[in-house]
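Asker: Below is my_file.cif; it holds mmCIF, C-alpha atoms and all ligand atoms.
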```
data_target
#
loop_
_atom_site.group_PDB
_atom_site.id
_atom_site.type_symbol
_atom_site.label_atom_id
_atom_site.label_comp_id
_atom_site.auth_asym_id
_atom_site.auth_seq_id
_atom_site.Cartn_x
_atom_site.Cartn_y
_atom_site.Cartn_z
ATOM 1 C CA MET A 29 -16.869 18.772 17.484
ATOM 2 C CA LYS A 30 -18.212 18.768 13.905
ATOM 3 C CA ILE A 31 -15.818 16.797 11.695
ATOM 4 C CA VAL A 32 -16.567 16.464 7.983
ATOM 5 C CA VAL A 33 -15.253 13.254 6.432
ATOM 6 C CA ILE A 34 -14.833 13.716 2.677
ATOM 7 C CA GLY A 35 -15.196 10.239 1.201
ATOM 8 C CA GLY A 36 -17.175 9.250 4.295
ATOM 9 C CA THR A 37 -18.871 6.316 2.510
ATOM 10 C CA GLY A 38 -15.614 4.605 1.463
ATOM 11 C CA LEU A 39 -13.606 1.851 3.162
ATOM 12 C CA ILE A 40 -11.717 4.195 5.502
ATOM 13 C CA GLY A 41 -14.347 6.941 5.554
ATOM 14 C CA SER A 42 -17.247 4.806 6.740
ATOM 15 C CA LYS A 43 -15.166 3.257 9.534
ATOM 16 C CA LEU A 44 -13.874 6.697 10.538
ATOM 17 C CA VAL A 45 -17.374 8.182 10.734
ATOM 18 C CA GLU A 46 -18.453 5.284 12.964
ATOM 19 C CA LYS A 47 -15.414 5.660 15.223
ATOM 20 C CA LEU A 48 -15.771 9.443 15.589
ATOM 21 C CA ARG A 49 -19.469 9.060 16.439
ATOM 22 C CA LYS A 50 -18.635 6.408 19.052
ATOM 23 C CA ASP A 51 -16.049 8.809 20.511
ATOM 24 C CA GLY A 52 -18.766 11.456 21.002
ATOM 25 C CA HIS A 53 -18.054 13.746 18.028
ATOM 26 C CA GLU A 54 -20.394 14.895 15.255
ATOM 27 C CA PRO A 55 -19.017 13.407 12.040
ATOM 28 C CA LEU A 56 -20.635 14.200 8.711
ATOM 29 C CA ALA A 57 -20.089 11.657 5.942
ATOM 30 C CA ALA A 58 -19.719 13.661 2.744
ATOM 31 C CA SER A 59 -19.530 12.092 -0.715
ATOM 32 C CA PRO A 60 -21.306 12.277 -4.078
ATOM 33 C CA GLU A 61 -23.815 9.744 -2.725
ATOM 34 C CA SER A 62 -24.899 12.355 -0.142
ATOM 35 C CA GLY A 63 -24.790 15.290 -2.595
ATOM 36 C CA VAL A 64 -21.261 16.505 -1.778
ATOM 37 C CA ASN A 65 -18.782 16.483 -4.640
ATOM 38 C CA ALA A 66 -15.282 17.709 -3.827
ATOM 39 C CA VAL A 67 -14.285 17.824 -7.508
ATOM 40 C CA THR A 68 -17.158 20.023 -8.722
ATOM 41 C CA GLY A 69 -17.646 21.788 -5.377
ATOM 42 C CA GLU A 70 -21.332 20.837 -5.236
ATOM 43 C CA GLY A 71 -22.707 20.825 -1.671
ATOM 44 C CA LEU A 72 -19.338 21.632 -0.052
ATOM 45 C CA ALA A 73 -20.240 24.975 1.534
ATOM 46 C CA GLU A 74 -23.343 23.511 3.194
ATOM 47 C CA ALA A 75 -21.469 20.432 4.420
ATOM 48 C CA LEU A 76 -18.605 22.460 5.912
ATOM 49 C CA ASP A 77 -20.791 25.053 7.619
ATOM 50 C CA GLY A 78 -19.870 25.041 11.345
ATOM 51 C CA ALA A 79 -17.158 22.372 10.942
ATOM 52 C CA GLN A 80 -13.919 22.579 12.919
ATOM 53 C CA VAL A 81 -12.110 19.776 11.087
ATOM 54 C CA VAL A 82 -12.164 18.226 7.598
ATOM 55 C CA VAL A 83 -10.665 14.789 7.000
ATOM 56 C CA ASP A 84 -10.129 14.035 3.312
ATOM 57 C CA VAL A 85 -10.215 10.296 2.643
ATOM 58 C CA ALA A 86 -11.823 10.495 -0.799
ATOM 59 C CA ASN A 87 -10.424 8.385 -3.597
ATOM 60 C CA ALA A 88 -10.612 8.806 -7.345
ATOM 61 C CA PRO A 89 -13.083 6.558 -9.167
ATOM 62 C CA VAL A 90 -10.758 6.321 -12.208
ATOM 63 C CA TRP A 91 -6.996 5.811 -11.910
ATOM 64 C CA ASP A 92 -5.584 6.689 -15.317
ATOM 65 C CA ASP A 93 -2.804 9.252 -14.984
ATOM 66 C CA ALA A 94 -4.657 12.389 -16.120
ATOM 67 C CA ALA A 95 -7.955 11.569 -14.389
ATOM 68 C CA VAL A 96 -6.415 10.776 -11.034
ATOM 69 C CA LEU A 97 -4.257 13.912 -11.079
ATOM 70 C CA GLU A 98 -7.267 16.048 -11.955
ATOM 71 C CA PHE A 99 -9.277 14.380 -9.149
ATOM 72 C CA PHE A 100 -6.773 15.026 -6.342
ATOM 73 C CA GLN A 101 -5.860 18.531 -7.519
ATOM 74 C CA ALA A 102 -9.404 19.779 -8.117
ATOM 75 C CA SER A 103 -10.783 18.251 -4.918
ATOM 76 C CA SER A 104 -7.946 19.635 -2.777
ATOM 77 C CA ARG A 105 -8.234 23.135 -4.266
ATOM 78 C CA ASN A 106 -11.997 23.196 -3.718
ATOM 79 C CA LEU A 107 -11.767 21.840 -0.188
ATOM 80 C CA LEU A 108 -9.076 24.302 0.907
ATOM 81 C CA ALA A 109 -11.007 27.263 -0.540
ATOM 82 C CA VAL A 110 -14.298 26.304 1.096
ATOM 83 C CA GLU A 111 -12.561 25.433 4.392
ATOM 84 C CA THR A 112 -10.987 28.890 4.444
ATOM 85 C CA ALA A 113 -14.371 30.537 3.914
ATOM 86 C CA ALA A 114 -15.960 28.341 6.603
ATOM 87 C CA GLY A 115 -13.176 28.958 9.155
ATOM 88 C CA VAL A 116 -12.173 25.276 9.383
ATOM 89 C CA GLY A 117 -9.121 24.992 11.657
ATOM 90 C CA HIS A 118 -7.616 21.628 10.652
ATOM 91 C CA HIS A 119 -7.384 19.788 7.339
ATOM 92 C CA VAL A 120 -6.342 16.132 7.569
ATOM 93 C CA THR A 121 -5.300 14.249 4.410
ATOM 94 C CA LEU A 122 -4.727 10.524 4.061
ATOM 95 C CA SER A 123 -1.817 9.817 1.723
ATOM 96 C CA VAL A 124 0.522 6.929 0.957
ATOM 97 C CA VAL A 125 3.984 6.080 2.360
ATOM 98 C CA GLY A 126 6.532 6.401 -0.462
ATOM 99 C CA THR A 127 4.504 8.905 -2.460
ATOM 100 C CA ASP A 128 7.611 11.036 -3.045
ATOM 101 C CA ARG A 129 9.798 8.064 -4.016
ATOM 102 C CA LEU A 130 7.805 6.660 -6.958
ATOM 103 C CA PRO A 131 7.359 9.318 -9.633
ATOM 104 C CA GLU A 132 6.805 6.589 -12.265
ATOM 105 C CA SER A 133 3.382 5.942 -10.738
ATOM 106 C CA GLY A 134 0.659 8.254 -12.006
ATOM 107 C CA TYR A 135 -1.427 7.520 -8.915
ATOM 108 C CA LEU A 136 1.386 8.440 -6.526
ATOM 109 C CA ARG A 137 2.257 11.544 -8.567
ATOM 110 C CA ALA A 138 -1.342 12.626 -8.024
ATOM 111 C CA LYS A 139 -1.113 11.951 -4.273
ATOM 112 C CA LEU A 140 2.100 14.004 -4.123
ATOM 113 C CA ALA A 141 0.354 16.862 -5.942
ATOM 114 C CA GLN A 142 -2.454 16.618 -3.364
ATOM 115 C CA GLU A 143 0.067 16.777 -0.502
ATOM 116 C CA GLU A 144 1.798 19.791 -2.071
ATOM 117 C CA LEU A 145 -1.462 21.727 -2.371
ATOM 118 C CA VAL A 146 -2.288 20.989 1.261
ATOM 119 C CA LYS A 147 1.165 22.040 2.465
ATOM 120 C CA ALA A 148 1.091 25.264 0.438
ATOM 121 C CA GLY A 149 -2.528 26.022 1.359
ATOM 122 C CA PRO A 150 -3.931 28.395 3.966
ATOM 123 C CA VAL A 151 -5.466 25.809 6.319
ATOM 124 C CA PRO A 152 -3.480 24.254 9.207
ATOM 125 C CA TYR A 153 -3.015 20.591 8.290
ATOM 126 C CA THR A 154 -1.784 17.138 9.151
ATOM 127 C CA ILE A 155 -0.876 14.640 6.429
ATOM 128 C CA VAL A 156 -1.072 10.971 7.455
ATOM 129 C CA ARG A 157 0.844 8.704 5.108
ATOM 130 C CA ALA A 158 -0.269 5.084 5.469
ATOM 131 C CA THR A 159 1.134 1.896 3.961
ATOM 132 C CA GLN A 160 -1.031 -0.543 1.978
ATOM 133 C CA PHE A 161 -4.210 -1.671 3.724
ATOM 134 C CA PHE A 162 -4.654 -5.443 4.189
ATOM 135 C CA GLU A 163 -8.054 -4.865 2.560
ATOM 136 C CA PHE A 164 -6.259 -3.623 -0.590
ATOM 137 C CA ILE A 165 -4.175 -6.784 -1.196
ATOM 138 C CA GLY A 166 -6.864 -8.349 -3.401
ATOM 139 C CA ARG A 167 -6.807 -5.312 -5.663
ATOM 140 C CA ILE A 168 -2.993 -5.416 -5.797
ATOM 141 C CA ALA A 169 -3.202 -9.065 -6.877
ATOM 142 C CA ASP A 170 -5.790 -8.170 -9.524
ATOM 143 C CA SER A 171 -3.520 -5.420 -10.861
ATOM 144 C CA GLY A 172 -0.770 -8.001 -11.533
ATOM 145 C CA THR A 173 -3.042 -10.710 -12.932
ATOM 146 C CA ASP A 174 -2.739 -12.139 -16.426
ATOM 147 C CA GLY A 175 -4.925 -15.233 -16.818
ATOM 148 C CA ASP A 176 -4.197 -17.545 -13.889
ATOM 149 C CA THR A 177 -0.874 -15.908 -13.050
ATOM 150 C CA VAL A 178 -0.201 -12.944 -10.796
ATOM 151 C CA ARG A 179 3.157 -11.239 -11.372
ATOM 152 C CA LEU A 180 4.259 -9.111 -8.455
ATOM 153 C CA SER A 181 7.447 -7.550 -7.176
ATOM 154 C CA PRO A 182 9.175 -9.307 -4.238
ATOM 155 C CA ALA A 183 9.995 -5.890 -2.717
ATOM 156 C CA LEU A 184 9.155 -5.463 0.948
ATOM 157 C CA VAL A 185 5.892 -3.840 2.012
ATOM 158 C CA GLN A 186 4.653 -3.198 5.539
ATOM 159 C CA PRO A 187 0.866 -3.358 5.289
ATOM 160 C CA GLU A 188 -1.711 -2.614 7.963
ATOM 161 C CA ALA A 189 -5.367 -3.027 8.845
ATOM 162 C CA ALA A 190 -7.835 -0.343 7.774
ATOM 163 C CA ASP A 191 -9.148 -0.290 11.370
ATOM 164 C CA ASP A 192 -5.691 0.746 12.611
ATOM 165 C CA VAL A 193 -5.469 3.511 10.011
ATOM 166 C CA VAL A 194 -8.867 4.715 11.212
ATOM 167 C CA SER A 195 -7.713 4.809 14.861
ATOM 168 C CA THR A 196 -4.752 7.003 13.948
ATOM 169 C CA LEU A 197 -6.869 9.284 11.760
ATOM 170 C CA ALA A 198 -9.434 9.703 14.554
ATOM 171 C CA ASP A 199 -6.651 10.567 16.969
ATOM 172 C CA VAL A 200 -5.046 13.061 14.578
ATOM 173 C CA ALA A 201 -8.381 14.660 13.638
ATOM 174 C CA VAL A 202 -9.216 15.681 17.211
ATOM 175 C CA GLY A 203 -5.668 16.846 17.976
ATOM 176 C CA ALA A 204 -3.964 20.108 17.081
ATOM 177 C CA PRO A 205 -2.765 20.450 13.464
ATOM 178 C CA LEU A 206 0.874 19.343 13.183
ATOM 179 C CA ASN A 207 1.553 21.186 9.908
ATOM 180 C CA ASP A 208 3.634 18.137 9.166
ATOM 181 C CA THR A 209 3.480 14.588 7.818
ATOM 182 C CA VAL A 210 3.217 11.491 9.994
ATOM 183 C CA GLU A 211 3.781 7.966 8.739
ATOM 184 C CA LEU A 212 1.917 4.848 9.812
ATOM 185 C CA GLY A 213 2.997 1.301 8.976
ATOM 186 C CA GLY A 214 2.070 -2.246 9.928
ATOM 187 C CA PRO A 215 3.944 -4.356 12.506
ATOM 188 C CA GLU A 216 5.670 -6.661 9.959
ATOM 189 C CA ALA A 217 7.253 -6.414 6.525
ATOM 190 C CA PHE A 218 6.623 -8.993 3.774
ATOM 191 C CA PRO A 219 7.750 -9.434 0.177
ATOM 192 C CA LEU A 220 4.762 -8.235 -1.830
ATOM 193 C CA ASP A 221 4.477 -11.480 -3.840
ATOM 194 C CA GLU A 222 4.424 -13.551 -0.637
ATOM 195 C CA LEU A 223 1.757 -11.338 0.901
ATOM 196 C CA ALA A 224 -0.502 -11.768 -2.122
ATOM 197 C CA ARG A 225 0.143 -15.522 -2.201
ATOM 198 C CA ARG A 226 -0.917 -15.890 1.431
ATOM 199 C CA PHE A 227 -3.982 -13.752 0.838
ATOM 200 C CA LEU A 228 -5.086 -15.720 -2.247
ATOM 201 C CA ASP A 229 -4.403 -19.104 -0.588
ATOM 202 C CA ALA A 230 -6.429 -18.158 2.479
ATOM 203 C CA ASN A 231 -9.302 -17.172 0.201
ATOM 204 C CA GLY A 232 -9.150 -20.384 -1.874
ATOM 205 C CA ASP A 233 -8.146 -18.394 -4.966
ATOM 206 C CA PRO A 234 -6.339 -20.687 -7.464
ATOM 207 C CA ARG A 235 -4.218 -17.982 -9.132
ATOM 208 C CA GLN A 236 -0.457 -18.609 -8.927
ATOM 209 C CA VAL A 237 1.755 -15.747 -7.761
ATOM 210 C CA THR A 238 5.159 -15.295 -9.431
ATOM 211 C CA ALA A 239 7.902 -12.979 -8.147
ATOM 212 C CA ASP A 240 9.248 -10.588 -10.783
ATOM 213 C CA VAL A 241 11.609 -7.779 -9.787
ATOM 214 C CA HIS A 242 10.461 -5.779 -12.824
ATOM 215 C CA ALA A 243 6.730 -6.135 -12.148
ATOM 216 C CA ARG A 244 5.271 -2.676 -11.744
ATOM 217 C CA TYR A 245 3.196 -1.516 -8.813
ATOM 218 C CA PHE A 246 0.644 0.902 -10.284
ATOM 219 C CA GLY A 247 3.263 2.029 -12.815
ATOM 220 C CA ALA A 248 6.446 1.888 -10.719
ATOM 221 C CA GLU A 249 9.193 -0.681 -10.175
ATOM 222 C CA LEU A 250 9.830 -1.218 -6.466
ATOM 223 C CA ASP A 251 12.733 -1.902 -4.144
ATOM 224 C CA ASP A 252 12.674 -2.682 -0.427
ATOM 225 C CA ARG A 253 12.643 1.037 0.466
ATOM 226 C CA SER A 254 9.921 2.153 -1.962
ATOM 227 C CA LEU A 255 6.829 1.473 0.138
ATOM 228 C CA THR A 256 8.201 0.859 3.641
ATOM 229 C CA PRO A 257 7.970 3.614 6.250
ATOM 230 C CA GLY A 258 10.841 5.430 7.971
ATOM 231 C CA ASP A 259 12.146 4.905 11.501
ATOM 232 C CA ASP A 260 9.809 7.528 13.012
ATOM 233 C CA ALA A 261 6.624 5.867 11.755
ATOM 234 C CA ARG A 262 3.863 4.943 14.158
ATOM 235 C CA ILE A 263 3.374 1.191 14.109
ATOM 236 C CA ALA A 264 -0.142 -0.220 13.862
ATOM 237 C CA PRO A 265 -0.863 -3.206 16.135
ATOM 238 C CA THR A 266 -2.825 -5.713 14.004
ATOM 239 C CA ARG A 267 -0.786 -8.580 12.530
ATOM 240 C CA PHE A 268 -1.539 -9.865 9.043
ATOM 241 C CA GLU A 269 -2.235 -13.473 10.105
ATOM 242 C CA ASP A 270 -4.706 -12.331 12.761
ATOM 243 C CA TRP A 271 -6.519 -10.109 10.275
ATOM 244 C CA LEU A 272 -6.482 -12.869 7.653
ATOM 245 C CA SER A 273 -7.966 -15.462 9.985
ATOM 246 C CA GLN A 274 -10.853 -13.069 10.743
ATOM 247 C CA SER A 275 -11.475 -11.908 7.202
ATOM 248 C CA ALA A 276 -10.701 -14.782 4.800
ATOM 249 C CA LYS A 277 -13.739 -16.334 3.116
HETATM 250 N N1 LIG A 301 -5.612 1.431 -0.487
HETATM 251 C C1 LIG A 301 -4.534 1.585 0.242
HETATM 252 O O1 LIG A 301 -3.841 0.604 0.569
HETATM 253 C C2 LIG A 301 -4.136 2.980 0.682
HETATM 254 C C3 LIG A 301 -2.957 3.167 1.399
HETATM 255 C C4 LIG A 301 -2.641 4.444 1.876
HETATM 256 C C5 LIG A 301 -3.503 5.519 1.608
HETATM 257 N N2 LIG A 301 -4.642 5.310 0.886
HETATM 258 C C6 LIG A 301 -5.547 6.448 0.652
HETATM 259 O O2 LIG A 301 -6.722 6.234 1.419
HETATM 260 C C7 LIG A 301 -7.772 7.049 0.888
HETATM 261 C C8 LIG A 301 -9.103 6.329 1.034
HETATM 262 O O3 LIG A 301 -9.102 5.123 0.342
HETATM 263 P P1 LIG A 301 -10.338 4.101 0.431
HETATM 264 O O4 LIG A 301 -9.812 2.774 -0.024
HETATM 265 O O5 LIG A 301 -11.031 4.227 1.748
HETATM 266 O O6 LIG A 301 -11.286 4.684 -0.726
HETATM 267 P P2 LIG A 301 -12.663 4.073 -1.268
HETATM 268 O O7 LIG A 301 -13.162 2.953 -0.414
HETATM 269 O O8 LIG A 301 -12.489 3.844 -2.732
HETATM 270 O O9 LIG A 301 -13.679 5.289 -1.055
HETATM 271 C C9 LIG A 301 -13.586 6.423 -1.837
HETATM 272 C C10 LIG A 301 -14.506 7.482 -1.257
HETATM 273 O O10 LIG A 301 -14.310 8.676 -2.043
HETATM 274 C C11 LIG A 301 -15.593 9.196 -2.342
HETATM 275 N N3 LIG A 301 -15.546 10.035 -3.516
HETATM 276 C C12 LIG A 301 -15.387 9.679 -4.822
HETATM 277 N N4 LIG A 301 -15.463 10.756 -5.612
HETATM 278 C C13 LIG A 301 -15.679 11.837 -4.784
HETATM 279 C C14 LIG A 301 -15.881 13.206 -5.003
HETATM 280 N N5 LIG A 301 -15.878 13.734 -6.245
HETATM 281 N N6 LIG A 301 -16.107 14.017 -3.940
HETATM 282 C C15 LIG A 301 -16.137 13.507 -2.672
HETATM 283 N N7 LIG A 301 -15.948 12.200 -2.412
HETATM 284 C C16 LIG A 301 -15.732 11.374 -3.455
HETATM 285 C C17 LIG A 301 -16.466 7.967 -2.537
HETATM 286 O O11 LIG A 301 -17.832 8.359 -2.463
HETATM 287 P P3 LIG A 301 -19.077 7.511 -3.125
HETATM 288 O O12 LIG A 301 -19.198 6.284 -2.305
HETATM 289 O O13 LIG A 301 -20.240 8.437 -2.997
HETATM 290 O O14 LIG A 301 -18.633 7.264 -4.547
HETATM 291 C C18 LIG A 301 -16.011 7.135 -1.344
HETATM 292 O O15 LIG A 301 -16.645 7.586 -0.166
HETATM 293 C C19 LIG A 301 -7.341 7.410 -0.545
HETATM 294 O O16 LIG A 301 -7.046 8.787 -0.589
HETATM 295 C C20 LIG A 301 -6.053 6.604 -0.773
HETATM 296 O O17 LIG A 301 -5.116 7.293 -1.557
HETATM 297 C C21 LIG A 301 -4.968 4.074 0.429
#
```
Please, can you express the file's structure as C-alpha cells?

Answerer:
Amino acid sequence: MKIVVIGGTGLIGSKLVEKLRKDGHEPLAASPESGVNAVTGEGLAEALDGAQVVVDVANAPVWDDAAVLEFFQASSRNLLAVETAAGVGHHVTLSVVGTDRLPESGYLRAKLAQEELVKAGPVPYTIVRATQFFEFIGRIADSGTDGDTVRLSPALVQPEAADDVVSTLADVAVGAPLNDTVELGGPEAFPLDELARRFLDANGDPRQVTADVHARYFGAELDDRSLTPGDDARIAPTRFEDWLSQSAK
C-alpha cells in the first residue's frame, strides 16, 4: 500500500516511514526537503499519485500565533483538496491531547483548526491525539527557561515515547478510517516540573526547575486535566525511566 507521510523527515515522520517500510508497505517521505510543500502545494499532486493513505505529521517551522495557524490551515486545505483529486481513501492527522481545552495557546488553537478542517473535509479520516513526547521535554524546559532557572507548571502530564506514537500511527494508517478521534497517552502521569527536573538531571544539565502554577505552557495555564488523556485513551507501553536510561547523554 502506498502511504504518503507528510513531514516524513521529522521526528515522528522519519520513524513512521521506517516502520511502514519494515511492515512491507510503500511509504513516501514528503517534505520541503524532498520538494513537497504542503503549505504552497508544490509537489503534492505528484507525491500523492497512486496513494491510498496520507499521514500528516508535519509541524510548523515557526510557532508565533499567526504563522502557526496559517501553517496548519493552509497545509490541511491543500492536502484535502489534492487527496480528493487523487482518490486517497484515508487521511490520518497527528494532533495533541487537550487541544480543545487550551484556547489560550496559539499553537493548540492552530491544531484545533487543523482538526476541524479534517473533520469537515471530504476525505475519510482518523485523528490521533497524542500527549507530549519524551523527546519533547527538552524543548518544554527551554520554553520555561530564564537564565539558569526553568519555571514550569506542576500540572500533571502523561508523556510517551515517540516510538510508541509511531506504532499507533502505523496501526491506524493501515486500518479503516474511523472518522473519529483516538487518544494515546503514556503509562504514567507526572507533574510537568518534576518531569523536566528528572530529564535535566539525567542529562547533567545544571538548570534549576521551579514549580509555578501560573507558568504558561505555550501560552496557556494548565491544571491536572489540561494535557492528560481521557479514560478511553490507548496507553503506550514505554515507561519514562526506561526511555531516559536509554537516551540520556
Ligand atoms: N511534540 C510533541 O510532544 C507532540 C505531541 C503530540 C502531537 N504532536 C504533533 O506531532 C506532529 C509531528 O511533530 P514532530 O516533532 O515529529 O515534528 P518535527 O520533527 O518538527 O518535523 C516536522 C516535519 O514537518 C515538515 N514540514 C515543515 N514544513 C512543511 C511543509 N510546508 N510541508 C510539508 N512538510 C513540512 C518538516 O520537513 P523538513 O525536514 O523538510 O523541514 C519535518 O519533516 C506535529 O503535528 C505536532 O503537532 C507533537

Asker: For the PyMOL selection byres (((chain A and resi 51-53) around 9) and not hetatm), applied here, can you spell out every residue it catches as a PyMOL selection string?

Answerer: chain A and resi 29-31+46-50+54-55+198

Asker: Give one line per residue of chain A that approaches ligand LIG 301 (chain A) to at most 9 Å, naming the two atoms of the closest pair and their distance in Å to one decimal, counting all atoms listed in the file; sort by chain then ascending residue number and deliver it as CSV.

Answerer:
```
residue,atom,partner,partner_atom,distance
A:Val33,CA,A:LIG301,O15,8.8
A:Ile34,CA,A:LIG301,N7,5.4
A:Gly35,CA,A:LIG301,O15,3.3
A:Gly36,CA,A:LIG301,O15,4.8
A:Thr37,CA,A:LIG301,O15,3.7
A:Gly38,CA,A:LIG301,O9,3.2
A:Leu39,CA,A:LIG301,O7,3.8
A:Ile40,CA,A:LIG301,O5,3.8
A:Gly41,CA,A:LIG301,O5,5.7
A:Ser42,CA,A:LIG301,O15,7.5
A:Lys43,CA,A:LIG301,O5,8.9
A:Ala57,CA,A:LIG301,O15,8.1
A:Ala58,CA,A:LIG301,C15,6.5
A:Ser59,CA,A:LIG301,N7,4.0
A:Pro60,CA,A:LIG301,O13,4.1
A:Glu61,CA,A:LIG301,O13,3.8
A:Ser62,CA,A:LIG301,O13,6.7
A:Gly63,CA,A:LIG301,O13,8.2
A:Val64,CA,A:LIG301,C15,6.0
A:Asn65,CA,A:LIG301,N6,3.7
A:Ala66,CA,A:LIG301,N6,3.8
A:Val67,CA,A:LIG301,N5,4.6
A:Thr68,CA,A:LIG301,N5,6.9
A:Gly69,CA,A:LIG301,N6,8.1
A:Glu70,CA,A:LIG301,N6,8.7
A:Asp84,CA,A:LIG301,O16,7.2
A:Val85,CA,A:LIG301,C8,4.4
A:Ala86,CA,A:LIG301,O10,3.3
A:Asn87,CA,A:LIG301,C9,4.1
A:Ala88,CA,A:LIG301,C12,5.5
A:Pro89,CA,A:LIG301,C12,5.8
A:Phe99,CA,A:LIG301,N5,7.2
A:Phe100,CA,A:LIG301,O16,8.5
A:Ser103,CA,A:LIG301,N6,6.9
A:Thr121,CA,A:LIG301,O16,7.6
A:Leu122,CA,A:LIG301,C6,5.4
A:Ser123,CA,A:LIG301,C5,4.6
A:Val124,CA,A:LIG301,C4,4.1
A:Val125,CA,A:LIG301,C4,6.8
A:Tyr135,CA,A:LIG301,O17,8.2
A:Leu136,CA,A:LIG301,O17,8.3
A:Lys139,CA,A:LIG301,O17,6.7
A:Val156,CA,A:LIG301,C5,8.4
A:Arg157,CA,A:LIG301,C4,6.4
A:Ala158,CA,A:LIG301,C4,4.4
A:Thr159,CA,A:LIG301,C3,5.0
A:Gln160,CA,A:LIG301,O1,3.3
A:Phe161,CA,A:LIG301,O1,3.9
A:Phe162,CA,A:LIG301,O1,7.1
A:Glu163,CA,A:LIG301,O1,7.2
A:Phe164,CA,A:LIG301,O1,5.0
A:Ile165,CA,A:LIG301,O1,7.6
A:Arg167,CA,A:LIG301,N1,8.6
A:Ile168,CA,A:LIG301,O1,8.8
A:Pro187,CA,A:LIG301,O1,7.8
A:Glu188,CA,A:LIG301,O1,8.3
A:Ala190,CA,A:LIG301,O5,8.2
A:Val193,CA,A:LIG301,C4,8.7
```

Asker: Fewer than 2 positions away in the same chain doesn't count, so skip those; otherwise give me all residues within 12 Å of Thr154 of chain A, counting all atoms listed in the file, as a short mmCIF file (atom, residue, chain, number, x, y, z; two decimals) with C-alpha atoms, in the coordinates of the input.

Answerer:
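Writing the result to out22.cif gives the following:
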```cif
data_model
loop_
_atom_site.label_atom_id
_atom_site.label_comp_id
_atom_site.auth_asym_id
_atom_site.auth_seq_id
_atom_site.Cartn_x
_atom_site.Cartn_y
_atom_site.Cartn_z
CA VAL A 81 -12.11 19.78 11.09
CA VAL A 82 -12.16 18.23 7.60
CA VAL A 83 -10.66 14.79 7.00
CA ASP A 84 -10.13 14.04 3.31
CA GLY A 117 -9.12 24.99 11.66
CA HIS A 118 -7.62 21.63 10.65
CA HIS A 119 -7.38 19.79 7.34
CA VAL A 120 -6.34 16.13 7.57
CA THR A 121 -5.30 14.25 4.41
CA LEU A 122 -4.73 10.52 4.06
CA SER A 123 -1.82 9.82 1.72
CA GLU A 143 0.07 16.78 -0.50
CA VAL A 146 -2.29 20.99 1.26
CA LYS A 147 1.16 22.04 2.46
CA GLY A 149 -2.53 26.02 1.36
CA VAL A 151 -5.47 25.81 6.32
CA PRO A 152 -3.48 24.25 9.21
CA VAL A 156 -1.07 10.97 7.46
CA ARG A 157 0.84 8.70 5.11
CA THR A 196 -4.75 7.00 13.95
CA LEU A 197 -6.87 9.28 11.76
CA ALA A 198 -9.43 9.70 14.55
CA ASP A 199 -6.65 10.57 16.97
CA VAL A 200 -5.05 13.06 14.58
CA ALA A 201 -8.38 14.66 13.64
CA VAL A 202 -9.22 15.68 17.21
CA GLY A 203 -5.67 16.85 17.98
CA ALA A 204 -3.96 20.11 17.08
CA PRO A 205 -2.76 20.45 13.46
CA LEU A 206 0.87 19.34 13.18
CA ASN A 207 1.55 21.19 9.91
CA ASP A 208 3.63 18.14 9.17
CA THR A 209 3.48 14.59 7.82
CA VAL A 210 3.22 11.49 9.99
CA GLU A 211 3.78 7.97 8.74
#
```

Asker: Quick one: distance from atom CA of Thr256 of chain A to atom CA of Leu272 of chain A in Å, one decimal?

Answerer: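 Taking atom CA of Thr256 of chain A and atom CA of Leu272 of chain A, their separation equals 20.5 Å.
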
Asker: Considering only C-alpha atoms, state which residue in the set A:Ala113, A:Val237, A:Leu223, A:Ile155 is at the smallest distance from Gly172 of chain A.

Answerer: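 Under the stated criterion, the closest residue is A:Val237.
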
Asker: Find the spatial neighbours of segment 126-129 of chain A, counting all atoms listed in the file, within a cut-off of 6 Å - ignore same-chain residues fewer than 5 positions away - and output them as a tab-separated table (two decimals) with C-alpha atoms, keeping the file's coordinate frame.

Answerer:
```
chain	number	residue	atom	x	y	z
A	136	LEU	CA	1.39	8.44	-6.53
A	140	LEU	CA	2.10	14.00	-4.12
A	254	SER	CA	9.92	2.15	-1.96
A	255	LEU	CA	6.83	1.47	0.14
```

Asker: Please provide as an MDAnalysis selection string all residues within 9 Å of segment 174-179 of chain A, with the sequence filter that same-chain residues fewer than 4 positions apart are discarded (counting only C-alpha atoms).

Answerer: chainID A and resid 169:170 221 224:225 234:240 243:244

Asker: When you count only C-alpha atoms, which of these residues is closest to Pro219 of chain A: A:Val241, A:Val185, A:Leu44, A:Leu250?

Answerer: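 Of the candidates, the smallest distance to Pro219 of chain A is held by A:Val185.
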
Asker: Translate the PyMOL selection byres (((chain A and resi 77) around 9) and not hetatm) into a concrete residue list for this structure, as a VMD selection string.

Answerer: chain A and resid 72 to 76 78 to 79 111 114 to 116

Asker: Using all atoms listed in the file, pick whichever of A:Trp271, A:Phe227, A:Trp91, A:Tyr153 has the shortest atom-to-atom distance to Asp191 of chain A.

Answerer: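 Of A:Trp271, A:Phe227, A:Trp91, A:Tyr153, the one nearest Asp191 of chain A, counting all atoms listed in the file, is A:Trp271.
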
Asker: Calculated over only C-alpha atoms, which of the candidates A:Phe246, A:Glu144, A:Ala261, A:Ala230 has the smallest distance to Ser181 of chain A?

Answerer: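 Checking each of A:Phe246, A:Glu144, A:Ala261, A:Ala230 against Ser181 of chain A, counting only C-alpha atoms, the winner is A:Phe246.
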
Asker: Just how far from atom CA of Leu220 of chain A is atom CA of Gly258 of chain A, in Å to one decimal?

Answerer: 17.9 Å

Asker: Could you give me, as an MDAnalysis selection string, the residues within 9 Å of Ala248 of chain A, counting all atoms listed in the file and dropping anything in the same chain fewer than 6 positions from it?

Answerer: chainID A and resid 130:134 242

Asker: Go ahead and compute the interatomic distance for atom CA of Ala264 of chain A and atom CA of Gly214 of chain A, in Å to one decimal.

Answerer: 4.9 Å

Asker: Got a sec: who's within 8 Å of Glu216 of chain A, counting all atoms listed in the file, leaving out chain neighbours fewer than 5 positions off, as a PDB file with C-alpha atoms, in the frame of the given file?

Answerer:
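selection.pdb was written with the following content:
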```pdb
ATOM      1  CA  GLN A 186       4.653  -3.198   5.539  1.00  0.00           C
ATOM      2  CA  PRO A 187       0.866  -3.358   5.289  1.00  0.00           C
ATOM      3  CA  ARG A 267      -0.786  -8.580  12.530  1.00  0.00           C
ATOM      4  CA  PHE A 268      -1.539  -9.865   9.043  1.00  0.00           C
TER       5      PHE A 268
END
```
